[in-house]
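Novice: Coordinates in structure.txt, compact mmCIF, C-alpha atoms, are listed below.
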# COMPACT_ATOMS: atom_id res chain seq x y z
CA MET A 1 -15.04 -24.12 26.76
CA ALA A 2 -15.99 -25.21 23.25
CA VAL A 3 -17.40 -22.99 20.54
CA THR A 4 -21.09 -22.56 21.30
CA PRO A 5 -23.74 -23.25 18.66
CA ARG A 6 -24.64 -19.55 18.79
CA LYS A 7 -21.09 -18.52 17.96
CA ALA A 8 -20.92 -21.09 15.21
CA LYS A 9 -24.16 -19.71 13.74
CA LEU A 10 -22.83 -16.16 13.97
CA SER A 11 -19.63 -17.14 12.23
CA ILE A 12 -21.55 -18.85 9.43
CA ALA A 13 -23.75 -15.76 9.12
CA ALA A 14 -20.60 -13.59 8.92
CA LEU A 15 -19.13 -15.75 6.19
CA LEU A 16 -22.45 -15.58 4.36
CA ILE A 17 -22.23 -11.79 4.54
CA VAL A 18 -18.72 -12.01 3.08
CA VAL A 19 -20.08 -14.06 0.17
CA LEU A 20 -22.93 -11.57 -0.33
CA VAL A 21 -20.49 -8.65 -0.31
CA PHE A 22 -18.43 -10.47 -2.95
CA VAL A 23 -21.46 -11.13 -5.18
CA PHE A 24 -23.06 -7.70 -4.77
CA HIS A 25 -19.75 -5.88 -5.25
CA TYR A 26 -19.05 -7.56 -8.56
CA LEU A 27 -22.67 -7.13 -9.67
CA GLY A 28 -22.31 -3.42 -8.92
CA VAL A 29 -25.22 -3.41 -6.47
CA LEU A 30 -23.02 -2.06 -3.69
CA ARG A 31 -21.67 0.79 -5.80
CA PRO A 32 -23.88 3.51 -4.23
CA VAL A 33 -22.89 2.39 -0.74
CA GLU A 34 -19.21 2.26 -1.70
CA ASN A 35 -19.42 5.74 -3.16
CA LEU A 36 -21.15 6.98 -0.01
CA VAL A 37 -18.34 5.56 2.16
CA MET A 38 -15.77 7.28 -0.04
CA VAL A 39 -17.66 10.59 0.16
CA VAL A 40 -17.91 10.42 3.96
CA VAL A 41 -14.30 9.43 4.51
CA ARG A 42 -12.72 11.65 1.84
CA PRO A 43 -12.71 15.02 3.68
CA PHE A 44 -11.20 13.48 6.80
CA GLN A 45 -8.64 11.58 4.76
CA SER A 46 -7.66 14.66 2.86
CA GLY A 47 -7.03 16.62 6.06
CA VAL A 48 -5.25 13.85 7.94
CA TYR A 49 -3.07 12.90 4.97
CA GLY A 50 -1.99 16.53 4.61
CA VAL A 51 -1.11 16.78 8.30
CA SER A 52 0.76 13.47 8.29
CA GLN A 53 2.71 14.59 5.23
CA SER A 54 3.72 17.78 7.05
CA ILE A 55 4.83 15.76 10.07
CA ARG A 56 6.81 13.48 7.83
CA GLY A 57 8.40 16.54 6.25
CA VAL A 58 9.56 17.79 9.66
CA TYR A 59 10.93 14.35 10.50
CA ASP A 60 12.67 14.09 7.14
CA ASN A 61 14.29 17.50 7.70
CA TRP A 62 15.53 16.46 11.11
CA GLN A 63 16.87 13.23 9.72
CA SER A 64 18.47 15.14 6.87
CA GLY A 65 20.39 17.25 9.38
CA GLN A 66 21.80 14.13 10.99
CA GLU A 67 22.82 12.75 7.67
CA LEU A 68 24.18 16.02 6.42
CA GLN A 69 27.59 15.76 8.05
CA THR A 70 28.11 12.25 6.79
CA GLN A 71 27.04 13.34 3.37
CA ILE A 72 29.47 16.27 3.38
CA ASP A 73 32.37 13.93 4.01
CA GLU A 74 31.20 11.57 1.35
CA LEU A 75 30.60 14.40 -1.09
CA ARG A 76 34.13 15.73 -0.65
CA GLU A 77 35.43 12.38 -1.66
CA GLN A 78 33.01 12.09 -4.49
CA HIS A 79 33.78 15.58 -5.74
CA LEU A 80 37.11 14.53 -7.17
CA ASN A 81 35.55 11.63 -8.99
CA ASP A 82 32.67 13.79 -10.12
CA LEU A 83 34.97 16.24 -11.86
CA VAL A 84 36.11 13.45 -14.09
CA GLU A 85 32.58 12.29 -14.71
CA GLN A 86 31.19 15.79 -15.08
CA ASN A 87 31.84 16.07 -18.74
CA LYS A 88 30.16 12.74 -19.37
CA PHE A 89 27.09 13.79 -17.38
CA ARG A 90 26.90 17.12 -19.17
CA LEU A 91 26.70 15.35 -22.47
CA LEU A 92 24.14 12.94 -21.07
CA LYS A 93 22.03 15.79 -19.70
CA GLU A 94 22.04 17.50 -23.05
CA GLU A 95 20.86 14.29 -24.62
CA VAL A 96 18.09 13.84 -22.04
CA ASP A 97 16.93 17.45 -22.43
CA TYR A 98 16.89 17.07 -26.15
CA LEU A 99 14.97 13.82 -26.01
CA ARG A 100 12.46 15.27 -23.58
CA GLN A 101 11.77 18.09 -25.98
CA GLN A 102 11.15 15.56 -28.67
CA LEU A 103 8.61 13.63 -26.66
CA ASP A 104 5.55 14.14 -28.78
CA LEU A 105 5.08 17.79 -27.96
CA VAL A 106 2.11 17.95 -30.24
CA GLU A 107 0.43 15.22 -28.27
CA ASN A 108 1.30 16.96 -25.02
CA ASN A 109 -0.64 20.00 -26.06
CA GLU A 110 -3.71 17.91 -26.66
CA TRP A 111 -3.73 16.27 -23.26
CA GLN A 112 -6.50 17.08 -20.88
CA LEU A 113 -5.44 16.87 -17.30
CA GLN A 114 -7.47 16.42 -14.16
CA VAL A 115 -5.53 17.61 -11.15
CA ALA A 116 -6.08 15.53 -8.02
CA HIS A 117 -4.94 15.53 -4.42
CA VAL A 118 -3.51 12.39 -2.90
CA ILE A 119 -5.66 11.63 0.13
CA GLY A 120 -4.33 8.27 1.18
CA ALA A 121 -2.35 5.23 0.30
CA GLY A 122 -2.71 1.48 0.50
CA GLN A 123 -1.15 0.28 3.71
CA ASP A 124 -0.51 -3.30 2.68
CA ASP A 125 3.19 -3.75 1.95
CA ASN A 126 2.28 -6.00 -0.97
CA ALA A 127 0.33 -3.38 -2.84
CA GLN A 128 1.66 0.07 -3.69
CA THR A 129 -1.34 2.29 -4.23
CA ILE A 130 -2.49 5.85 -3.64
CA ILE A 131 -6.00 7.18 -3.28
CA ILE A 132 -6.89 10.39 -5.11
CA ASP A 133 -9.83 12.70 -4.58
CA ARG A 134 -11.11 12.62 -8.15
CA GLY A 135 -13.27 9.92 -9.66
CA ALA A 136 -15.84 9.04 -12.30
CA LYS A 137 -17.64 12.36 -11.76
CA HIS A 138 -14.45 14.08 -12.93
CA ASN A 139 -14.18 12.01 -16.13
CA ILE A 140 -11.62 9.65 -14.67
CA GLU A 141 -11.64 6.15 -16.05
CA LYS A 142 -9.82 2.93 -15.40
CA ASP A 143 -6.31 2.60 -16.89
CA MET A 144 -5.77 6.34 -17.30
CA PRO A 145 -2.20 7.42 -16.56
CA VAL A 146 -1.37 9.46 -13.49
CA ILE A 147 1.54 11.87 -13.77
CA THR A 148 3.35 14.55 -11.81
CA ASN A 149 3.64 18.12 -13.03
CA ASP A 150 6.97 17.20 -14.64
CA GLY A 151 5.33 14.62 -16.89
CA ILE A 152 6.68 11.70 -14.90
CA ILE A 153 4.23 8.81 -14.84
CA VAL A 154 3.55 7.44 -11.37
CA GLY A 155 0.92 4.83 -12.11
CA LYS A 156 -2.40 3.92 -13.63
CA VAL A 157 -5.94 4.37 -12.33
CA THR A 158 -7.10 0.93 -11.32
CA GLU A 159 -10.38 1.41 -9.47
CA VAL A 160 -12.78 4.31 -9.94
CA TYR A 161 -15.49 5.49 -7.58
CA ASP A 162 -17.66 8.57 -8.07
CA TYR A 163 -15.48 10.95 -6.08
CA ALA A 164 -12.28 9.00 -5.58
CA ALA A 165 -10.02 6.62 -7.41
CA ILE A 166 -7.28 4.17 -6.54
CA VAL A 167 -4.04 4.39 -8.46
CA ARG A 168 -1.70 1.44 -8.75
CA LEU A 169 1.82 2.84 -8.59
CA LEU A 170 4.53 1.76 -11.01
CA ASN A 171 6.45 -0.03 -8.28
CA ASP A 172 3.48 -2.23 -7.35
CA HIS A 173 4.21 -5.86 -8.04
CA ASN A 174 1.15 -6.16 -10.29
CA SER A 175 1.90 -2.99 -12.23
CA GLN A 176 2.78 -3.46 -15.89
CA LEU A 177 3.42 -0.65 -18.33
CA ALA A 178 4.43 -0.73 -21.98
CA ALA A 179 7.76 1.07 -22.09
CA THR A 180 10.49 1.98 -24.52
CA VAL A 181 14.13 2.78 -23.97
CA TYR A 182 15.67 5.79 -25.64
CA ASN A 183 18.54 3.99 -27.27
CA GLU A 184 19.35 3.53 -30.93
CA ALA A 185 17.35 0.33 -31.15
CA GLY A 186 14.32 1.89 -29.42
CA THR A 187 14.02 -1.19 -27.21
CA VAL A 188 10.43 -1.93 -26.32
CA GLY A 189 9.42 -3.90 -23.26
CA VAL A 190 7.25 -4.03 -20.21
CA ALA A 191 8.18 -2.08 -17.10
CA GLN A 192 7.06 -4.13 -14.14
CA GLY A 193 6.94 -3.20 -10.47
CA GLU A 194 8.76 -5.11 -7.77
CA PHE A 195 7.01 -5.09 -4.39
CA GLY A 196 7.52 -1.36 -3.90
CA LEU A 197 11.27 -1.70 -4.32
CA GLY A 198 11.51 -0.40 -7.85
CA VAL A 199 10.72 -1.13 -11.45
CA LYS A 200 12.40 -3.60 -13.77
CA MET A 201 12.29 -4.25 -17.50
CA GLU A 202 12.73 -7.81 -18.67
CA LEU A 203 13.37 -9.68 -21.92
CA ILE A 204 15.62 -7.04 -23.45
CA PRO A 205 17.47 -8.54 -26.41
CA GLU A 206 21.21 -8.70 -25.81
CA ASN A 207 22.09 -6.93 -29.05
CA GLU A 208 20.07 -3.79 -28.45
CA GLY A 209 22.85 -1.73 -26.91
CA LEU A 210 21.33 -0.96 -23.55
CA ALA A 211 23.37 1.31 -21.29
CA THR A 212 22.94 2.60 -17.77
CA GLY A 213 21.50 6.08 -17.43
CA VAL A 214 19.40 5.87 -20.59
CA LEU A 215 15.89 7.30 -20.33
CA VAL A 216 12.90 4.95 -20.24
CA VAL A 217 9.52 6.31 -21.29
CA THR A 218 6.04 5.00 -22.03
CA SER A 219 5.82 3.46 -25.47
CA GLY A 220 2.31 4.63 -26.30
CA LEU A 221 1.22 1.09 -27.07
CA GLU A 222 -1.47 1.21 -24.41
CA GLU A 223 -4.74 2.77 -25.43
CA LYS A 224 -5.01 5.48 -22.81
CA ILE A 225 -1.33 6.13 -22.18
CA PRO A 226 0.47 8.54 -24.50
CA ARG A 227 4.01 7.97 -25.68
CA GLY A 228 6.83 9.78 -23.97
CA LEU A 229 5.84 9.93 -20.31
CA VAL A 230 9.02 9.59 -18.30
CA ILE A 231 9.32 6.40 -16.26
CA GLY A 232 12.95 6.69 -15.17
CA ASN A 233 16.51 5.84 -16.13
CA VAL A 234 18.17 2.49 -16.58
CA GLU A 235 20.05 1.91 -13.36
CA LYS A 236 21.54 -1.56 -13.62
CA ILE A 237 21.63 -4.20 -16.30
CA PHE A 238 21.59 -7.85 -15.33
CA GLY A 239 22.70 -10.76 -17.45
CA SER A 240 25.99 -12.06 -18.73
CA ASP A 241 27.36 -11.54 -22.23
CA GLU A 242 26.17 -15.01 -23.19
CA ASP A 243 22.55 -14.35 -22.20
CA ILE A 244 20.12 -13.78 -25.04
CA PHE A 245 17.91 -11.55 -22.94
CA LYS A 246 18.80 -9.11 -20.21
CA THR A 247 16.94 -7.49 -17.38
CA ALA A 248 17.32 -3.85 -16.40
CA THR A 249 16.29 -2.09 -13.23
CA ILE A 250 14.86 1.37 -13.67
CA LYS A 251 15.65 4.16 -11.26
CA LEU A 252 12.49 6.12 -10.57
CA PRO A 253 13.04 9.88 -10.56
CA ILE A 254 10.69 10.62 -7.67
CA ASP A 255 9.77 9.22 -4.28
CA PHE A 256 6.20 7.96 -4.58
CA THR A 257 5.61 8.22 -0.84
CA LYS A 258 5.88 12.00 -1.06
CA LEU A 259 3.23 12.57 -3.69
CA SER A 260 0.62 15.12 -2.71
CA ILE A 261 -0.73 16.46 -6.00
CA VAL A 262 -0.91 14.49 -9.23
CA SER A 263 -2.64 14.83 -12.60
CA VAL A 264 -4.66 12.27 -14.48
CA ILE A 265 -4.49 12.41 -18.27
CA THR A 266 -8.16 12.14 -19.14
CA SER A 267 -7.77 12.35 -22.89
CA ARG A 268 -4.98 12.24 -25.44
CA MET B 1 -27.88 4.45 21.56
CA ILE B 2 -26.96 7.46 19.42
CA PHE B 3 -23.92 8.06 21.60
CA LYS B 4 -22.86 4.45 21.21
CA GLY B 5 -23.33 4.61 17.44
CA LEU B 6 -21.32 7.81 17.27
CA LYS B 7 -18.60 6.23 19.38
CA TYR B 8 -18.26 3.31 16.97
CA PHE B 9 -18.44 5.59 13.93
CA LEU B 10 -15.53 7.62 15.32
CA LEU B 11 -13.61 4.44 16.14
CA ILE B 12 -14.05 3.14 12.59
CA LEU B 13 -13.08 6.50 11.12
CA PHE B 14 -10.03 6.59 13.39
CA ILE B 15 -8.92 3.15 12.24
CA VAL B 16 -9.47 3.96 8.56
CA LEU B 17 -7.55 7.24 8.83
CA ILE B 18 -4.66 5.64 10.70
CA GLU B 19 -4.48 2.79 8.20
CA LEU B 20 -4.86 4.80 5.00
CA SER B 21 -3.60 8.28 5.69
CA ILE B 22 -1.04 8.09 8.50
CA LEU B 23 0.70 4.71 8.43
CA PRO B 24 1.51 4.89 4.70
CA GLN B 25 3.46 8.06 5.45
CA THR B 26 5.66 6.27 7.92
CA GLY B 27 8.66 4.32 6.88
CA GLY B 28 9.73 0.72 7.13
CA TRP B 29 8.62 -1.31 10.08
CA VAL B 30 5.98 1.12 11.39
CA LYS B 31 3.91 0.27 8.32
CA MET B 32 3.77 -3.30 9.56
CA ILE B 33 1.52 -2.39 12.48
CA ASN B 34 -1.92 -3.91 11.90
CA VAL B 35 -3.94 -1.23 13.69
CA PHE B 36 -7.33 -2.69 12.90
CA LEU B 37 -6.25 -6.12 14.16
CA LEU B 38 -4.90 -4.66 17.38
CA ILE B 39 -8.11 -2.76 17.99
CA LEU B 40 -10.30 -5.70 17.02
CA THR B 41 -8.37 -7.88 19.45
CA LEU B 42 -8.86 -5.29 22.15
CA ILE B 43 -12.56 -5.10 21.33
CA TYR B 44 -12.78 -8.90 21.36
CA LEU B 45 -11.29 -9.11 24.85
CA THR B 46 -13.21 -6.18 26.30
CA LYS B 47 -16.57 -6.23 24.49
CA GLY B 48 -16.77 -9.82 23.36
CA PHE B 49 -16.98 -11.96 20.26
CA ASN B 50 -20.20 -10.47 18.82
CA THR B 51 -19.00 -6.87 18.86
CA ALA B 52 -15.62 -7.79 17.38
CA LEU B 53 -17.31 -9.80 14.64
CA ALA B 54 -19.76 -7.00 13.85
CA LEU B 55 -16.95 -4.44 13.76
CA SER B 56 -14.88 -6.62 11.46
CA LEU B 57 -17.86 -6.80 9.09
CA ILE B 58 -17.89 -3.00 8.95
CA ILE B 59 -14.18 -2.22 8.91
CA GLY B 60 -13.35 -5.10 6.57
CA PRO B 61 -15.39 -3.94 3.55
CA ILE B 62 -14.17 -0.35 4.02
CA MET B 63 -10.56 -1.52 3.99
CA ASP B 64 -11.35 -3.74 1.00
CA LEU B 65 -12.58 -0.69 -0.91
CA TYR B 66 -9.17 0.95 -0.66
CA HIS B 67 -7.04 -2.05 -1.49
CA LEU B 68 -6.63 -3.63 -4.88
CA ILE B 69 -7.25 -7.10 -3.61
CA LEU B 70 -10.12 -9.38 -4.49
CA MET B 71 -13.16 -7.97 -2.69
CA PRO B 72 -13.85 -8.84 0.17
CA SER B 73 -10.63 -10.67 1.03
CA ILE B 74 -9.77 -8.42 3.97
CA THR B 75 -13.26 -8.92 5.47
CA PHE B 76 -12.96 -12.68 5.00
CA CYS B 77 -9.55 -12.76 6.66
CA LEU B 78 -10.79 -10.66 9.57
CA VAL B 79 -13.82 -12.89 10.15
CA VAL B 80 -11.72 -16.05 10.03
CA THR B 81 -9.12 -14.47 12.33
CA ILE B 82 -11.74 -13.52 14.91
CA PHE B 83 -13.31 -16.93 14.77
CA PHE B 84 -9.89 -18.54 15.17
CA MET B 85 -8.97 -16.16 17.99
CA ASP B 86 -12.21 -17.00 19.81
CA SER B 87 -11.61 -20.74 19.44
CA ILE B 88 -8.14 -20.48 20.95
CA PHE B 89 -9.05 -17.98 23.65
CA SER B 90 -12.07 -19.91 24.89
CA ARG B 91 -10.06 -23.15 25.05
CA LEU B 92 -6.68 -22.06 26.38
CA PHE B 93 -7.04 -18.86 28.37
CA THR B 94 -8.69 -18.33 31.68
CA ASN B 95 -8.43 -14.57 32.15
CA LYS B 96 -7.95 -11.29 30.31
CA SER B 97 -4.40 -10.47 31.28
CA TYR B 98 -1.52 -8.78 29.48
CA TYR B 99 -0.22 -12.19 28.48
CA SER B 100 -3.52 -13.34 27.01
CA PHE B 101 -3.92 -10.00 25.20
CA ILE B 102 -0.44 -10.20 23.69
CA SER B 103 -0.90 -13.86 22.80
CA MET B 104 -4.15 -13.01 21.05
CA ILE B 105 -2.47 -10.12 19.22
CA LEU B 106 0.36 -12.32 17.98
CA LEU B 107 -2.03 -15.09 17.01
CA SER B 108 -4.38 -12.78 15.13
CA VAL B 109 -1.53 -10.99 13.33
CA LEU B 110 -0.05 -14.32 12.30
CA VAL B 111 -3.32 -15.83 11.09
CA TYR B 112 -4.47 -12.68 9.31
CA ASN B 113 -1.19 -12.02 7.53
CA VAL B 114 -0.70 -15.61 6.41
CA LEU B 115 -4.25 -15.59 5.01
CA ILE B 116 -4.03 -12.21 3.29
CA LYS B 117 -0.57 -12.84 1.83
CA GLY B 118 -1.80 -16.20 0.59
CA ILE B 119 -4.83 -14.66 -1.10
CA TYR B 120 -2.72 -11.89 -2.61
CA GLY B 121 -0.21 -14.44 -3.89
CA LEU B 122 -2.96 -16.54 -5.44
CA GLN B 123 -4.51 -13.46 -7.01
CA THR B 124 -1.15 -12.48 -8.52
CA MET B 125 -0.71 -16.03 -9.73
CA VAL B 126 -4.08 -16.03 -11.47
CA THR B 127 -3.96 -12.51 -12.91
CA ASN B 128 -0.26 -12.23 -13.80
CA SER B 129 0.90 -15.87 -13.89
CA ASP B 130 3.46 -14.72 -11.35
CA PHE B 131 4.47 -17.46 -8.93
CA TYR B 132 6.46 -15.27 -6.56
CA LEU B 133 4.66 -16.86 -3.63
CA PHE B 134 6.70 -20.00 -4.12
CA SER B 135 9.99 -18.17 -4.54
CA TRP B 136 10.18 -17.06 -0.92
CA SER B 137 12.75 -18.97 1.06
CA PRO B 138 11.93 -20.18 4.59
CA SER B 139 14.47 -17.69 6.00
CA MET B 140 12.78 -14.80 4.19
CA ILE B 141 9.36 -15.85 5.46
CA GLY B 142 10.75 -16.39 8.96
CA GLY B 143 12.48 -13.02 8.99
CA TYR B 144 9.39 -11.24 7.76
CA LEU B 145 7.08 -12.92 10.26
CA ALA B 146 9.51 -12.32 13.13
CA THR B 147 9.66 -8.58 12.35
CA LEU B 148 5.90 -8.44 11.87
CA LEU B 149 5.22 -10.13 15.20
CA PHE B 150 7.81 -8.05 17.04
CA VAL B 151 6.43 -4.76 15.71
CA ASN B 152 2.87 -5.72 16.58
CA PHE B 153 4.01 -7.00 19.99
CA ILE B 154 5.42 -3.54 20.77
CA ALA B 155 2.31 -1.80 19.41
CA GLY B 156 0.08 -4.24 21.33
CA THR B 157 1.95 -3.54 24.55
CA ILE B 158 1.46 0.20 24.09
CA LEU B 159 -2.23 -0.35 23.37
CA PHE B 160 -2.59 -2.57 26.43
CA LEU B 161 -0.89 -0.02 28.69
CA SER B 162 -3.07 2.77 27.30
CA SER B 163 -6.16 0.68 27.87
CA TYR B 164 -4.98 -0.31 31.34
CA PHE B 165 -4.26 3.21 32.52
CA PHE B 166 -7.13 5.03 30.84
CA SER B 167 -9.95 2.53 31.37
CA ASN B 168 -11.02 -0.25 33.67
CA ASN B 169 -10.90 -2.89 30.98
CA PHE B 170 -7.94 -4.82 32.31
CA LYS B 171 -8.06 -3.91 35.99
CA SER B 172 -8.03 -6.96 38.21
CA VAL B 173 -11.11 -7.56 40.32
CA ILE B 174 -10.54 -8.45 43.96
CA LEU B 175 -13.37 -10.38 45.54
CA ARG B 176 -13.94 -9.68 49.22
CA ASP B 177 -16.15 -11.63 51.54
The structure in this file should be written as structure tokens.

Specialist:
Amino acid sequence: MAVTPRKAKLSIAALLIVVLVFVFHYLGVLRPVENLVMVVVRPFQSGVYGVSQSIRGVYDNWQSGQELQTQIDELREQHLNDLVEQNKFRLLKEEVDYLRQQLDLVENNEWQLQVAHVIGAGQDDNAQTIIIDRGAKHNIEKDMPVITNDGIIVGKVTEVYDYAAIVRLLNDHNSQLAATVYNEAGTVGVAQGEFGLGVKMELIPENEGLATGVLVVTSGLEEKIPRGLVIGNVEKIFGSDEDIFKTATIKLPIDFTKLSIVSVITSR
Amino acid sequence: MIFKGLKYFLLILFIVLIELSILPQTGGWVKMINVFLLILTLIYLTKGFNTALALSLIIGPIMDLYHLILMPSITFCLVVTIFFMDSIFSRLFTNKSYYSFISMILLSVLVYNVLIKGIYGLQTMVTNSDFYLFSWSPSMIGGYLATLLFVNFIAGTILFLSSYFFSNNFKSVILRD
């Protein structure tokens, strides 16, 4: 049975609707409808996301129990090594604490935060996003930074609706953030996401004395993002001694899939 | 009429909540289940082309709203997938069996994901000058697609069994004289 003329017409009509949605969306004509959809879905999303997070918590606990015994054995072995490394880590911790205190405290006091609940997340494995329940009506604008209560940046607001916003997480492949490394050279670069797997920093000059464990923070070069928001620590450095530039992977301090409450910095 | 409208509203809400609030909380391969494609395929086989197309034109833009992909890429991919699915089904299949359902699921998942990944790759190329799309090796693509199809095959089987046991949608009809 071939495709009937009626079906062909319907398909053309559907594609025409797709084109109209494209045009009207970018003209902003559909904005009221989009906001209405967000308003209708938001309460349900909020509830379901909370429940699913609780279920995940139970599952994680159960899984933790299974892994606990293995971890104990591994930890015993590690303990000996750790004693040797302990002194090094203590010094490093002191340095991190000190640097954190230095992170533009004056600026911190001038931040205005908008607390938001995470009500959903992008499901596509290409895009790492979360949906928050605050939007333009709560003074949220595009490109504002989203942080946790510890001052760790998790991403930037990318799309704003009246009562909701979509945040592109740092580990999204299209996420780019001006960053600086807390080393002597104050290496500046761009922290870029890698398909949800992590964050990397590229084009680091070879002579800038990069070391693993060093703190990476926002550089403050972006208009709406203050300096000093913690991104993570340098985990691995790639590139041979002969390379002019090196690449570093950044270990993120938190698991983005477990976010439930975040804050948006609405003014600096 | 109101009841029917309410039924579809709840179905759409169910799909949106599963996609945006539940699946993202799950780990690894569970996230690869394309719930809206599975349900659209089921709707296509049980309610027909028109209903599936109409539903894709409602679910698609909603999903587009929540994803940072060129609007309305998801809607476009869904419409093309349904059209493609209909072309294949009307030419090659003679009945609505488990095999045809699973074949349609696998076909729709394959078509949809190739389209959406292609659009996303092109978007990344244009916005970030990032040509990652061309850096994937055939083995990586093959491995990804194999996992994707396997996961959706399992999910499709569960959906078929649920539909079989809790409705008359796939019950065979015996003609008596």

Novice: Need the shell around Val230 of chain A: protein/DNA/RNA residues with any atom at most 6 Å away, counting all atoms listed in the file. Skip same-chain ones fewer than 5 positions apart. Format as a list in words?

Specialist: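 My reading of the contact set: Ile152, Ile153 and Val217 of chain A.
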
Novice: Within 10 Å of segment 160-164 of chain B, counting all atoms listed in the file, which residues qualify if same-chain residues fewer than 3 places away don't, as a ChimeraX atom specification?

Specialist: /B:38,42,46,97-98,101-102,154-157,167-171

Novice: Determine the nearest neighbour of chain B from the options A:Lys93, A:His173, A:Lys236, A:Arg134, counting all atoms listed in the file.

Specialist: A:His173

Novice: With 9 Å as the cut-off and all atoms listed in the file counted, what is the closest atom pair between each nearby residue of chain A and chain B? Distances in Å to one decimal, ordered by chain and number, as CSV.

Specialist:
residue,atom,partner,partner_atom,distance
A:Met1,CA,B:Arg91,CA,5.4
A:Ala2,CA,B:Arg91,CA,6.5
A:Val3,CA,B:Ser87,CA,6.3
A:Lys7,CA,B:Phe49,CA,8.1
A:Ala8,CA,B:Phe83,CA,8.7
A:Leu10,CA,B:Asn50,CA,7.9
A:Ser11,CA,B:Phe83,CA,6.8
A:Ala14,CA,B:Val79,CA,6.9
A:Leu15,CA,B:Phe76,CA,7.0
A:Ile17,CA,B:Leu57,CA,8.0
A:Val18,CA,B:Phe76,CA,6.1
A:Val19,CA,B:Pro72,CA,8.1
A:Val21,CA,B:Pro72,CA,6.7
A:Phe22,CA,B:Pro72,CA,5.8
A:His25,CA,B:Met71,CA,7.4
A:Tyr26,CA,B:Met71,CA,8.3
A:Glu34,CA,B:Leu65,CA,7.3
A:Val37,CA,B:Ile62,CA,7.5
A:Met38,CA,B:Leu65,CA,8.6
A:Val41,CA,B:Leu13,CA,7.3
A:Phe44,CA,B:Leu17,CA,7.5
A:Gln45,CA,B:Leu17,CA,6.0
A:Ser46,CA,B:Ser21,CA,8.1
A:Val48,CA,B:Ser21,CA,6.2
A:Tyr49,CA,B:Ser21,CA,4.7
A:Gly50,CA,B:Ser21,CA,8.5
A:Val51,CA,B:Ile22,CA,8.7
A:Ser52,CA,B:Ile22,CA,5.7
A:Gln53,CA,B:Gln25,CA,6.6
A:Arg56,CA,B:Gln25,CA,6.8
A:Ile119,CA,B:Ser21,CA,6.8
A:Gly120,CA,B:Ser21,CA,4.6
A:Ala121,CA,B:Leu20,CA,5.3
A:Gly122,CA,B:His67,CA,5.9
A:Gln123,CA,B:Pro24,CA,5.4
A:Asp124,CA,B:His67,CA,7.8
A:Asp125,CA,B:Lys31,CA,7.6
A:Asn126,CA,B:Tyr120,CA,7.9
A:Ala127,CA,B:Leu68,CA,7.3
A:Thr129,CA,B:His67,CA,7.7
A:Ile130,CA,B:Tyr66,CA,8.8
A:Ile131,CA,B:Tyr66,CA,7.5
A:Thr158,CA,B:Leu68,CA,7.9
A:Glu159,CA,B:Leu68,CA,7.8
A:Ala165,CA,B:Tyr66,CA,8.9
A:Ile166,CA,B:Tyr66,CA,7.0
A:Arg168,CA,B:Leu68,CA,8.1
A:His173,CA,B:Thr124,CA,8.5
A:Asn174,CA,B:Thr124,CA,7.0
A:Thr257,CA,B:Gln25,CA,6.6
A:Lys258,CA,B:Gln25,CA,8.0

Novice: Find the distance between atom CA of Asp133 of chain A and atom CA of Gln176 of chain A and write it in Å to one decimal.

Specialist: 23.4 Å
